[in-house]
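Visitor: Below is the file my_file-v2.txt, with compact mmCIF, C-alpha atoms and all ligand atoms.
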# COMPACT_ATOMS: atom_id res chain seq x y z
CA MET S 53 -13.05 13.20 -50.71
CA ASN S 54 -10.22 14.84 -52.61
CA SER S 55 -6.64 14.80 -51.44
CA GLY S 56 -6.78 18.50 -50.40
CA HIS S 57 -9.50 17.75 -47.86
CA LEU S 58 -7.57 14.82 -46.59
CA VAL S 59 -4.47 16.94 -46.00
CA VAL S 60 -6.49 19.60 -44.12
CA ILE S 61 -8.11 16.94 -41.96
CA LEU S 62 -4.77 15.33 -41.27
CA ILE S 63 -3.27 18.66 -40.25
CA LEU S 64 -6.21 19.41 -37.95
CA PHE S 65 -5.93 15.95 -36.49
CA MET S 66 -2.27 16.53 -35.74
CA LEU S 67 -2.73 20.04 -34.41
CA GLY S 68 -5.93 19.46 -32.47
CA PRO S 69 -4.71 17.69 -29.35
CA ARG S 70 -1.61 19.85 -29.23
CA ALA S 71 -3.68 23.03 -29.39
CA ILE S 72 -5.73 21.81 -26.43
CA LEU S 73 -2.63 20.88 -24.47
CA VAL S 74 -1.02 24.28 -25.01
CA ALA S 75 -4.13 26.00 -23.70
CA GLN S 76 -3.97 24.08 -20.42
CA LYS S 77 -2.38 25.70 -17.44
CA CYS S 78 0.01 23.79 -15.23
CA PRO S 79 -2.24 22.47 -12.43
CA ILE S 80 0.51 22.89 -9.84
CA CYS S 81 1.44 26.57 -10.30
CA ASP S 82 -1.61 27.61 -12.35
CA SER S 83 0.49 29.51 -14.83
CA ALA S 84 0.68 29.07 -18.57
CA PRO S 85 3.23 26.38 -19.30
CA GLY S 86 6.49 27.29 -20.99
CA ALA S 87 8.24 25.24 -23.59
CA GLU S 88 8.79 22.27 -21.32
CA GLN S 89 5.86 20.16 -20.24
CA TYR S 90 5.75 16.70 -18.73
CA ARG S 91 2.99 14.17 -18.75
CA VAL S 92 2.57 12.77 -15.25
CA ARG S 93 -0.04 10.31 -14.00
CA ASP S 94 -2.05 11.53 -11.02
CA GLN S 95 -1.91 8.33 -8.94
CA PHE S 96 -5.04 9.21 -7.01
CA SER S 97 -7.43 10.33 -9.74
CA GLY S 98 -5.76 8.25 -12.44
CA GLU S 99 -5.77 11.24 -14.83
CA GLU S 100 -2.79 12.33 -16.82
CA LYS S 101 -1.60 15.85 -16.02
CA LEU S 102 0.68 18.23 -17.90
CA ILE S 103 3.17 19.72 -15.48
CA CYS S 104 5.50 22.57 -16.32
CA GLY S 105 9.26 22.19 -16.13
CA GLN S 106 9.56 24.48 -13.12
CA CYS S 107 7.10 22.47 -11.06
CA MET S 108 8.75 19.18 -12.02
CA LEU S 109 11.82 20.44 -10.16
CA LEU S 110 9.89 20.83 -6.88
CA LYS S 111 11.19 18.43 -4.24
CA GLU S 112 7.91 17.73 -2.42
CA ARG S 113 5.60 15.03 -3.75
CA CYS S 114 2.08 14.36 -2.50
CA PHE S 115 1.83 10.95 -0.79
CA LEU S 116 -1.49 10.27 -2.47
CA CYS S 117 -1.30 11.62 -6.02
CA GLY S 118 2.49 11.58 -6.34
CA LEU S 119 2.45 15.02 -8.04
CA PRO S 120 4.73 17.89 -7.05
CA VAL S 121 3.30 20.15 -4.34
CA LYS S 122 3.87 23.89 -4.41
CA ASN S 123 1.09 25.75 -2.56
CA GLY S 124 -1.13 24.61 0.30
CA LEU S 125 1.13 21.78 1.35
CA THR S 126 0.27 19.77 4.47
CA ARG S 127 3.09 17.88 6.15
CA LEU S 128 2.45 15.22 8.77
CA ARG S 129 4.92 14.66 11.56
CA ASP S 130 5.93 11.35 10.01
CA GLY S 131 7.15 13.23 6.95
CA ARG S 132 4.30 12.53 4.54
CA VAL S 133 3.19 15.46 2.43
CA PHE S 134 -0.28 16.00 0.94
CA CYS S 135 -1.42 18.47 -1.69
CA ALA S 136 -4.29 20.85 -0.88
CA ARG S 137 -6.75 18.74 -2.86
CA ASP S 138 -5.88 15.35 -1.39
CA VAL S 139 -5.55 16.34 2.25
CA ASN S 140 -9.35 16.69 2.22
CA ASP S 141 -9.69 13.06 1.19
CA VAL S 142 -7.64 11.47 3.94
CA VAL S 143 -8.93 10.46 7.36
CA LEU S 144 -6.67 12.40 9.69
CA SER S 145 -8.30 11.52 13.01
CA ASP S 146 -7.38 8.09 14.39
CA ASP S 147 -10.73 7.90 16.19
CA ASP S 148 -12.58 8.41 12.91
CA ALA S 149 -10.33 5.83 11.29
CA LYS S 150 -11.08 3.28 14.01
CA SER S 151 -14.81 3.72 13.66
CA ILE S 152 -14.45 3.29 9.89
CA CYS S 153 -12.62 0.02 10.63
CA SER S 154 -15.44 -1.27 12.80
CA GLY S 155 -17.87 -0.23 10.08
CA THR S 156 -15.77 -2.29 7.68
CA LYS S 157 -16.13 -5.36 9.91
CA ASN S 158 -19.92 -5.02 9.79
CA GLU S 159 -19.87 -4.51 6.05
CA LEU S 160 -17.73 -7.63 5.54
CA ALA S 161 -19.99 -9.67 7.80
CA ARG S 162 -22.95 -8.60 5.66
CA ILE S 163 -21.28 -9.31 2.28
CA PHE S 164 -19.57 -12.59 3.14
CA SER S 165 -21.89 -14.11 5.76
CA ARG S 166 -22.80 -16.97 3.41
CA PHE S 167 -19.18 -18.01 2.94
CA VAL S 168 -16.90 -16.98 5.76
CA THR S 169 -17.03 -15.49 9.24
CA PHE S 170 -14.16 -13.12 9.79
CA PRO S 171 -12.52 -13.04 13.22
CA ASP S 172 -13.97 -10.21 15.28
CA THR S 173 -13.52 -10.06 19.04
CA ASN S 174 -9.92 -11.34 18.90
CA VAL S 175 -8.85 -8.62 16.46
CA VAL S 176 -7.23 -5.45 17.76
CA ILE S 177 -6.77 -2.66 15.23
CA THR S 178 -4.21 0.10 15.81
CA MET S 179 -3.62 3.11 13.60
CA VAL S 180 0.08 3.81 13.07
CA ASP S 181 2.00 6.45 11.19
CA ARG S 182 4.49 5.78 8.44
CA VAL S 183 7.56 5.77 10.63
CA HIS S 184 6.04 3.10 12.85
CA MET S 185 4.76 1.10 9.91
CA ASP S 186 8.24 1.05 8.41
CA GLY S 187 9.64 0.01 11.78
CA LEU S 188 7.18 -2.90 12.01
CA PHE S 189 8.28 -4.22 8.66
CA GLU S 190 11.90 -4.07 9.63
CA SER S 191 11.41 -5.75 12.98
CA ALA S 192 9.59 -8.61 11.27
CA GLY S 193 12.51 -9.15 8.95
CA PHE S 194 10.31 -8.21 6.03
CA ASP S 195 12.20 -7.65 2.83
CA ARG S 196 10.93 -4.19 2.08
CA GLN S 197 10.90 -3.35 -1.57
CA CYS S 198 8.86 -0.22 -1.22
CA PRO S 199 8.52 2.40 1.50
CA SER S 200 4.74 2.72 1.15
CA VAL S 201 2.74 0.12 2.94
CA PHE S 202 -0.77 0.26 4.29
CA GLY S 203 -1.27 -2.55 6.72
CA TYR S 204 0.30 -5.31 8.75
CA VAL S 205 -0.89 -8.18 10.90
CA LYS S 206 1.04 -10.48 13.19
CA SER S 207 -1.34 -13.26 14.16
CA ARG S 208 -0.40 -15.48 17.08
CA ILE S 209 -1.78 -18.18 19.34
CA VAL S 210 -2.34 -17.21 22.97
CA GLU S 211 -3.67 -19.22 25.89
CA GLY S 212 -3.53 -22.62 24.27
CA GLU S 213 -5.81 -22.64 21.28
CA LYS S 214 -6.96 -19.07 20.99
CA TRP S 215 -5.86 -16.82 18.13
CA GLU S 216 -5.07 -13.16 18.59
CA HIS S 217 -4.72 -10.79 15.64
CA PRO S 218 -3.05 -7.42 16.27
CA ILE S 219 -3.54 -5.40 13.09
CA SER S 220 -1.66 -2.18 12.35
CA ILE S 221 -3.06 0.13 9.69
CA LEU S 222 -1.39 3.17 8.19
CA ASN S 223 -3.22 6.33 9.26
CA ALA S 224 -4.02 9.37 7.09
CA VAL S 225 -5.23 7.51 4.01
CA PRO S 226 -8.54 7.95 2.15
CA LYS S 227 -11.60 6.24 3.64
CA ALA S 228 -11.94 3.66 0.86
CA ARG S 229 -8.30 2.64 1.10
CA LEU S 230 -8.61 2.35 4.85
CA MET S 231 -11.58 0.01 4.40
CA ALA S 232 -9.77 -2.01 1.74
CA THR S 233 -6.72 -2.39 3.99
CA CYS S 234 -8.93 -3.45 6.87
CA ALA S 235 -10.66 -6.05 4.69
CA HIS S 236 -7.33 -7.36 3.41
CA GLU S 237 -5.95 -7.79 6.93
CA LEU S 238 -9.11 -9.45 8.22
CA ALA S 239 -8.87 -11.89 5.32
CA HIS S 240 -5.35 -12.77 6.52
CA CYS S 241 -6.77 -13.40 9.99
CA TRP S 242 -9.43 -15.69 8.58
CA LEU S 243 -6.80 -17.66 6.66
CA LYS S 244 -4.72 -18.05 9.80
CA GLU S 245 -7.64 -19.55 11.65
CA ASN S 246 -8.91 -21.72 8.83
CA LEU S 247 -6.04 -23.09 6.76
CA SER S 248 -4.56 -26.42 7.67
CA PRO S 249 -0.79 -26.50 8.31
CA ASP S 250 -0.32 -28.82 5.34
CA ARG S 251 -1.92 -26.38 2.91
CA ASP S 252 1.12 -25.08 1.06
CA LEU S 253 0.12 -21.82 -0.63
CA ASP S 254 2.29 -19.36 -2.50
CA ARG S 255 2.57 -16.02 -0.83
CA ASP S 256 1.26 -14.40 -4.03
CA ALA S 257 -1.87 -16.54 -3.80
CA ILE S 258 -2.40 -15.60 -0.15
CA GLU S 259 -2.07 -11.92 -1.03
CA GLY S 260 -4.28 -12.44 -4.06
CA PHE S 261 -7.05 -13.90 -1.91
CA CYS S 262 -6.83 -11.04 0.60
CA GLU S 263 -6.89 -8.51 -2.23
CA LEU S 264 -9.96 -10.25 -3.65
CA VAL S 265 -11.78 -9.76 -0.35
CA ALA S 266 -10.83 -6.06 -0.45
CA TYR S 267 -11.84 -5.88 -4.11
CA LYS S 268 -15.27 -7.37 -3.46
CA LEU S 269 -15.80 -4.86 -0.68
CA MET S 270 -14.84 -2.00 -3.03
CA ASP S 271 -17.22 -3.44 -5.62
CA GLU S 272 -20.06 -3.59 -3.13
CA LEU S 273 -19.44 0.05 -2.19
CA ASN S 274 -19.15 1.16 -5.84
CA GLU S 275 -15.62 2.37 -5.18
CA GLU S 276 -14.32 2.31 -8.73
CA ARG S 277 -11.09 4.04 -7.76
CA GLY S 278 -10.46 1.48 -5.03
CA LYS S 279 -11.08 -1.38 -7.46
CA LYS S 280 -8.72 0.12 -9.99
CA PHE S 281 -6.05 0.60 -7.36
CA ILE S 282 -6.24 -3.06 -6.34
CA LYS S 283 -6.19 -4.28 -9.95
CA SER S 284 -3.20 -2.13 -10.81
CA ASN S 285 -1.12 -3.45 -7.93
CA LEU S 286 1.62 -5.66 -9.23
CA TYR S 287 2.69 -7.23 -6.01
CA THR S 288 0.52 -10.37 -6.24
CA ARG S 289 2.29 -11.11 -9.55
CA GLY S 290 -0.94 -11.54 -11.45
CA GLN S 291 -2.78 -13.61 -8.82
CA ILE S 292 -5.35 -10.89 -8.05
CA GLN S 293 -6.49 -10.84 -11.69
CA LEU S 294 -6.89 -14.63 -11.62
CA PHE S 295 -8.77 -14.50 -8.33
CA ILE S 296 -11.20 -11.93 -9.75
CA GLU S 297 -11.67 -14.09 -12.82
CA ALA S 298 -12.15 -17.27 -10.77
CA ASP S 299 -14.63 -15.46 -8.54
CA ASN S 300 -16.65 -14.46 -11.62
CA GLN S 301 -16.55 -17.94 -13.12
CA TYR S 302 -16.83 -20.25 -10.11
CA GLY S 303 -18.05 -18.07 -7.25
CA PHE S 304 -16.50 -17.11 -3.94
CA TYR S 305 -17.41 -20.37 -2.21
CA SER S 306 -15.23 -22.35 -4.65
CA ILE S 307 -12.38 -19.99 -3.90
CA THR S 308 -12.61 -20.46 -0.13
CA GLU S 309 -12.66 -24.23 -0.69
CA TRP S 310 -9.60 -23.99 -2.91
CA MET S 311 -7.79 -21.87 -0.34
CA LYS S 312 -8.47 -24.56 2.27
CA TYR S 313 -8.23 -27.76 0.26
CA GLY S 314 -6.80 -26.88 -3.15
CA VAL S 315 -4.12 -29.02 -4.78
CA ASP S 316 -2.11 -26.21 -6.42
CA HIS S 317 0.06 -23.61 -4.70
CA ARG S 318 -1.37 -20.79 -6.79
CA LEU S 319 -4.09 -20.18 -9.35
CA GLN S 320 -3.07 -21.30 -12.83
CA GLU S 321 -3.62 -18.84 -15.64
CA GLU S 322 -3.55 -21.54 -18.31
CA ASP S 323 -6.09 -23.69 -16.49
CA LEU S 324 -8.25 -21.70 -14.10
CA ASP S 325 -10.59 -24.67 -13.81
CA ARG S 326 -8.07 -26.29 -11.47
CA VAL S 327 -9.55 -24.05 -8.78
CA ARG S 328 -12.06 -26.90 -8.40
CA LYS S 329 -9.37 -29.49 -7.69
CA THR S 330 -9.25 -30.13 -3.96
CA GLU S 331 -7.97 -32.84 -1.62
CA PRO S 332 -8.69 -33.69 2.01
CA ARG S 333 -6.50 -32.03 4.63
CA LEU S 334 -5.86 -31.89 8.34
CA ARG S 335 -8.30 -29.58 10.05
CA GLN S 336 -6.11 -27.80 12.56
CA PRO S 337 -4.58 -24.52 11.40
CA ALA S 338 -0.91 -23.81 11.95
CA ALA S 339 -0.15 -22.46 15.38
CA THR S 340 3.04 -20.52 15.04
CA ALA S 341 3.12 -18.83 11.66
CA VAL S 342 3.83 -15.15 11.42
CA ASN S 343 2.18 -13.26 8.69
CA VAL S 344 3.24 -10.07 6.97
CA TRP S 345 1.94 -8.30 3.93
CA SER S 346 2.34 -5.16 1.99
CA VAL S 347 0.65 -3.21 -0.74
CA ALA S 348 3.18 -1.59 -2.96
CA GLN S 349 2.71 1.86 -4.41
CA ALA S 350 4.99 3.33 -6.98
CA PRO S 351 8.38 3.08 -5.31
CA ALA S 352 9.52 6.39 -3.90
CA LEU S 353 12.92 7.72 -4.80
CA VAL S 354 15.38 8.07 -1.96
CA PRO S 355 16.76 11.57 -1.37
CA ASP S 356 20.19 12.53 -2.68
CA THR S 357 21.47 13.30 0.79
CA LEU S 358 20.80 11.91 4.25
CA THR S 359 17.45 13.49 5.09
CA LEU S 360 15.26 13.30 8.17
CA LEU S 361 11.88 12.49 6.65
CA GLY S 362 9.89 11.95 9.81
CA LEU S 363 9.67 11.59 13.57
CA SER S 364 7.21 9.46 15.43
CA GLY S 365 6.17 8.61 18.96
CA SER S 366 7.78 9.86 22.15
CA GLY S 367 10.07 8.68 24.92
CA ALA S 368 11.43 5.16 24.55
CA ASN S 369 9.01 4.58 21.68
CA CYS S 370 10.45 7.42 19.62
CA MET S 371 11.53 6.63 16.06
CA VAL S 372 12.91 8.58 13.14
CA LEU S 373 12.77 7.94 9.41
CA ILE S 374 15.99 8.75 7.54
CA ASN S 375 15.62 8.21 3.80
CA ASP S 376 14.45 4.61 3.42
CA ARG S 377 15.03 3.40 6.96
CA SER S 378 13.60 4.00 10.41
CA PHE S 379 15.66 4.02 13.60
CA HIS S 380 15.07 3.76 17.30
CA LEU S 381 17.51 5.52 19.58
CA ASN S 382 21.01 3.96 19.43
CA GLU S 383 20.07 1.78 16.52
CA SER S 384 22.43 1.41 13.55
CA GLY S 385 21.68 0.47 10.01
CA LYS S 386 22.25 0.93 6.33
CA VAL S 387 20.61 3.92 4.67
CA ARG S 388 20.26 4.39 0.93
CA TYR S 389 20.88 7.77 -0.66
CA ALA S 390 21.65 8.92 -4.19
CA ASN S 391 23.24 5.78 -5.67
CA THR S 392 25.05 4.64 -2.59
CA ASN S 393 24.65 3.55 1.04
CA ALA S 394 25.83 4.82 4.40
CA TRP S 395 26.02 3.02 7.71
CA VAL S 396 24.26 5.29 10.18
CA ARG S 397 23.90 5.23 13.95
CA CYS S 398 21.09 7.17 15.63
CA ILE S 399 22.71 9.00 18.57
CA GLU S 400 20.02 11.34 19.83
CA ILE S 401 16.41 12.08 18.89
CA ARG S 402 15.32 15.67 19.53
CA ASP S 403 11.98 17.46 19.00
CA ASP S 404 12.51 18.20 15.34
CA SER S 405 15.93 16.79 14.60
CA VAL S 406 18.15 13.77 14.98
CA VAL S 407 21.85 13.47 15.73
CA ILE S 408 23.58 10.74 13.75
CA GLN S 409 27.02 9.32 13.29
CA VAL S 410 27.87 8.18 9.80
CA GLU S 411 30.51 5.46 9.72
CA GLY S 412 33.79 6.83 8.42
CA ALA S 413 32.76 10.46 8.99
CA PRO S 414 34.90 12.46 11.45
CA GLU S 415 31.98 14.18 13.20
CA ARG S 416 28.40 13.62 14.19
CA GLN S 417 25.79 15.50 12.24
CA GLU S 418 22.34 16.81 13.05
CA LEU S 419 19.53 16.38 10.53
CA PHE S 420 16.52 18.66 10.87
CA LEU S 421 12.94 17.91 9.90
CA LYS S 422 11.95 20.26 7.13
CA ALA S 423 9.64 23.06 8.25
CA ASN S 424 6.35 23.54 6.41
ZN ZN S 501 3.78 24.66 -13.03
ZN ZN S 502 -2.07 15.02 -4.08
Could you render the structure as structure tokens?
Guide:
Amino acid sequence: MNSGHLVVILILFMLGPRAILVAQKCPICDSAPGAEQYRVRDQFSGEEKLICGQCMLLKERCFLCGLPVKNGLTRLRDGRVFCARDVNDVVLSDDDAKSICSGTKNELARIFSRFVTFPDTNVVITMVDRVHMDGLFESAGFDRQCPSVFGYVKSRIVEGEKWEHPISILNAVPKARLMATCAHELAHCWLKENLSPDRDLDRDAIEGFCELVAYKLMDELNEERGKKFIKSNLYTRGQIQLFIEADNQYGFYSITEWMKYGVDHRLQEEDLDRVRKTEPRLRQPAATAVNVWSVAQAPALVPDTLTLLGLSGSGANCMVLINDRSFHLNESGKVRYANTNAWVRCIEIRDDSVVIQVEGAPERQELFLKAN
């Protein structure tokens, strides 16, 4: 090959991808992109998209894909927004969601029957919206690092020895994610009933185990997207990857034994074989522990101003979401906005607005829920 050929090939190589990119329309507004384009990851499909500068300025972001939404926006009462594509993928009816959850129980029983029996009749699953989910995390004293969470369980002992597991699951999510959340929470319930009080596990390891159960369910259902989502979650600080690896190398039974009788607090990357190191323990599980978990998505930005993002429930149960914090009536708390905080008191909750008093401000103000 002479050097002339090489130069031509190099030029084509450099121009090629760019030529293709220029020909693409912005998927949000469907018009030919101008000079400015931004590469943005579609968090639902995993694809990279080229968004025009105009669309990048749009305020609304789809809860699922994280992309700006211009046309065909659907807004739930709790403030979540979905793009026209993704709204078709989420389970909007709570009844449908509940029957998917009971289907998940059956599926788990089938997959794991050789190793574990998940609690069943003492589990109560409730679908909740985002405002309520956020409220649950606050009431449990959970240190919330991220406003997007999918599930929550608060296991407790009732009537002497009997466990009860009230599970709350975020509504309006895709079917596979709903099933994965369900599996994750049921794994927590199983741990509650089966771990001895002297088994000292890291929280990351507990979450890693529950994510593994969800991952194996996704694998069984050929849900590649669900598997990817679980693997890409950073909140187990690497434990989920080690659990998947240990499951491949030693099998799920070894993992359940390690959870119950293991010596270490977490799986060791440098010596995964220690998953086989166990010691005898008391049999009785702890009776009083409270258990909280979260799955983190990409952290959402807080608005620049105090903004009513959602309303939920009715009567005494009514709650509002203002920026990163939810409030019951008469509740006060710190709200983040722009780069600062405000101390806010919730004075009155109306049909589509809330009256608040900001500390230091001369007057009350009313925040309205944005119309569609
Ligand atoms: Zn555009
Ligand atoms: Zn979307």
Visitor: Can you tell me, as a PyMOL selection string, what residues are no more than 10 Å from S:Lys312 when counting all atoms listed in the file, ignoring any on the same chain fewer than 6 positions away?
Guide: chain S and resi 243+246-253+306+330-335+337
Visitor: Set the distance at 6 Å and use all atoms listed in the file: which residues neighbour stretch 139-149 of chain S once local chain neighbours fewer than 4 positions away are removed? I'd like the list as a short mmCIF file (atom, residue, chain, number, x, y, z; two decimals) with C-alpha atoms, in the coordinates of the input.
Guide:
data_model
loop_
_atom_site.label_atom_id
_atom_site.label_comp_id
_atom_site.auth_asym_id
_atom_site.auth_seq_id
_atom_site.Cartn_x
_atom_site.Cartn_y
_atom_site.Cartn_z
CA PHE S 134 -0.28 16.00 0.94
CA ALA S 224 -4.02 9.37 7.09
CA VAL S 225 -5.23 7.51 4.01
CA PRO S 226 -8.54 7.95 2.15
#
Visitor: When the cut-off is 12 Å and you count only C-alpha atoms and all ligand atoms, which residues lie near ligand ZN 501 (chain S), shown as a PDB file with C-alpha atoms, keeping the file's coordinate frame?
Guide:
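Full text of part.pdb as output:
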ATOM      1  CA  GLN S  76      -3.970  24.080 -20.420  1.00  0.00           C
ATOM      2  CA  LYS S  77      -2.380  25.700 -17.440  1.00  0.00           C
ATOM      3  CA  CYS S  78       0.010  23.790 -15.230  1.00  0.00           C
ATOM      4  CA  PRO S  79      -2.240  22.470 -12.430  1.00  0.00           C
ATOM      5  CA  ILE S  80       0.510  22.890  -9.840  1.00  0.00           C
ATOM      6  CA  CYS S  81       1.440  26.570 -10.300  1.00  0.00           C
ATOM      7  CA  ASP S  82      -1.610  27.610 -12.350  1.00  0.00           C
ATOM      8  CA  SER S  83       0.490  29.510 -14.830  1.00  0.00           C
ATOM      9  CA  ALA S  84       0.680  29.070 -18.570  1.00  0.00           C
ATOM     10  CA  PRO S  85       3.230  26.380 -19.300  1.00  0.00           C
ATOM     11  CA  GLY S  86       6.490  27.290 -20.990  1.00  0.00           C
ATOM     12  CA  ALA S  87       8.240  25.240 -23.590  1.00  0.00           C
ATOM     13  CA  GLU S  88       8.790  22.270 -21.320  1.00  0.00           C
ATOM     14  CA  GLN S  89       5.860  20.160 -20.240  1.00  0.00           C
ATOM     15  CA  TYR S  90       5.750  16.700 -18.730  1.00  0.00           C
ATOM     16  CA  ARG S  91       2.990  14.170 -18.750  1.00  0.00           C
ATOM     17  CA  LYS S 101      -1.600  15.850 -16.020  1.00  0.00           C
ATOM     18  CA  LEU S 102       0.680  18.230 -17.900  1.00  0.00           C
ATOM     19  CA  ILE S 103       3.170  19.720 -15.480  1.00  0.00           C
ATOM     20  CA  CYS S 104       5.500  22.570 -16.320  1.00  0.00           C
ATOM     21  CA  GLY S 105       9.260  22.190 -16.130  1.00  0.00           C
ATOM     22  CA  GLN S 106       9.560  24.480 -13.120  1.00  0.00           C
ATOM     23  CA  CYS S 107       7.100  22.470 -11.060  1.00  0.00           C
ATOM     24  CA  MET S 108       8.750  19.180 -12.020  1.00  0.00           C
ATOM     25  CA  LEU S 109      11.820  20.440 -10.160  1.00  0.00           C
ATOM     26  CA  LEU S 110       9.890  20.830  -6.880  1.00  0.00           C
ATOM     27  CA  LEU S 119       2.450  15.020  -8.040  1.00  0.00           C
ATOM     28  CA  PRO S 120       4.730  17.890  -7.050  1.00  0.00           C
ATOM     29  CA  VAL S 121       3.300  20.150  -4.340  1.00  0.00           C
ATOM     30  CA  LYS S 122       3.870  23.890  -4.410  1.00  0.00           C
ATOM     31  CA  ASN S 123       1.090  25.750  -2.560  1.00  0.00           C
TER      32      ASN S 123
END
Visitor: Determine, for each residue of stretch 239-263 of chain S having at least one atom at most 12 Å from an atom of stretch 276-289 of chain S, the closest pair of atoms and their separation in Å to one decimal, counting all atoms listed in the file; order by chain and ascending number, as a tab-separated table.
Guide:
residue	atom	partner	partner_atom	distance
S:Asp254	CA	S:Thr288	CA	9.9
S:Arg255	CA	S:Thr288	CA	8.1
S:Asp256	CA	S:Thr288	CA	4.7
S:Ala257	CA	S:Thr288	CA	7.1
S:Ile258	CA	S:Thr288	CA	8.5
S:Glu259	CA	S:Thr288	CA	6.0
S:Gly260	CA	S:Thr288	CA	5.7
S:Phe261	CA	S:Thr288	CA	9.4
S:Cys262	CA	S:Thr288	CA	10.1
S:Glu263	CA	S:Ile282	CA	6.9
Visitor: Set the distance at 10 Å and use all atoms listed in the file: which residues neighbour S:Pro355 once local chain neighbours fewer than 6 positions away are removed? I'd like the list as a list in words.
Guide: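 These residues fall inside the cut-off: Lys111, Leu361, Ile374, Asn375, Asp376, Arg388, Tyr389, Ala390 and Asn391 of chain S.
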Visitor: Using all atoms listed in the file, find each residue of chain S with at least one atom at most 9 Å away from an atom of ligand ZN 502 (chain S); report its shortest atom-to-atom pair and that distance in Å (one decimal), sort the rows by chain and rising residue number, and return the result as CSV.
Guide:
residue,atom,partner,partner_atom,distance
S:Asp94,CA,S:ZN502,ZN,7.8
S:Gln95,CA,S:ZN502,ZN,8.3
S:Phe96,CA,S:ZN502,ZN,7.2
S:Arg113,CA,S:ZN502,ZN,7.7
S:Cys114,CA,S:ZN502,ZN,4.5
S:Phe115,CA,S:ZN502,ZN,6.5
S:Leu116,CA,S:ZN502,ZN,5.0
S:Cys117,CA,S:ZN502,ZN,4.0
S:Gly118,CA,S:ZN502,ZN,6.1
S:Leu119,CA,S:ZN502,ZN,6.0
S:Pro120,CA,S:ZN502,ZN,8.0
S:Val121,CA,S:ZN502,ZN,7.4
S:Val133,CA,S:ZN502,ZN,8.4
S:Phe134,CA,S:ZN502,ZN,5.4
S:Cys135,CA,S:ZN502,ZN,4.2
S:Ala136,CA,S:ZN502,ZN,7.0
S:Arg137,CA,S:ZN502,ZN,6.1
S:Asp138,CA,S:ZN502,ZN,4.7
S:Val139,CA,S:ZN502,ZN,7.3
Visitor: Give the answer as one residue: which of S:Val205, S:Ile152, S:Val183, S:Ile292 has the shortest atom-to-atom distance to S:Arg377, using all atoms listed in the file?
Guide: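 Nearest to S:Arg377: S:Val183.
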Visitor: Could you tell me which of S:Glu272, S:Glu112, S:Glu237, S:Glu211 comes closest to S:Pro171 if we count all atoms listed in the file?
Guide: S:Glu237
Visitor: Between S:Glu411, S:Asp356, S:Glu100, S:Glu216, which has the minimum distance to S:Trp395 (counting only C-alpha atoms)?
Guide: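 For S:Trp395, the nearest of the given residues is S:Glu411.
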Visitor: I need the residue nearest S:Lys386 from this list: S:Val168, S:Asn369, S:Lys329, S:Leu358. Use all atoms listed in the file for the distance.
Guide: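 Nearest candidate to S:Lys386 out of S:Val168, S:Asn369, S:Lys329, S:Leu358: S:Leu358.
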Visitor: Restricting the calculation to all atoms listed in the file, which member of S:Val396, S:Val406, S:Val327, S:Ala266 is positioned closest to S:Leu363?
Guide: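 That would be S:Val406, the residue with the smallest distance to S:Leu363.
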Visitor: One number please: atom CA of S:Gly212 to atom CA of S:Thr178, in Å, one decimal.
Guide: 24.3 Å
Visitor: Please indicate the distance in Å from atom CA of S:Gln301 to atom CA of S:Leu238, rounded to one decimal place.
Guide: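 Answer for the atom CA of S:Gln301 to atom CA of S:Leu238 separation: 24.1 Å.
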Visitor: Report, in Å to a single decimal, how far apart atom CA of S:Ser207 and atom CA of S:Ile219 are.
Guide: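 Those two atoms sit 8.2 Å apart.
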Visitor: As a PyMOL selection string, please: the residues near S:Trp215 (cut-off 10 Å, only C-alpha atoms, same-chain neighbours under 5 positions excluded).
Guide: chain S and resi 171+174-175+207-210+241+244-245+339
Visitor: Counting only C-alpha atoms, I want the residues whose atoms come within 12 Å of (-20.0, -8.3, 7.4) in the file frame, returned as a VMD selection string.
Guide: chain S and resid 153 to 172 235 238 to 239 265 268 to 269 272
Visitor: Centre and edge lengths, as lines of an AutoDock Vina configuration file, for the axis-aligned box enclosing every listed atom of stretch 365-369 of chain S with 6 Å of padding on each of the six sides, in Å to one decimal?
Guide:
center_x = 8.8
center_y = 7.2
center_z = 21.9
size_x = 17.3
size_y = 17.3
size_z = 18.0
Visitor: Tell me which of S:Thr173, S:Pro218, S:Gly131, S:Thr233 sits closest to S:Gly203, counting all atoms listed in the file.
Guide: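 That would be S:Thr233, the residue with the smallest distance to S:Gly203.
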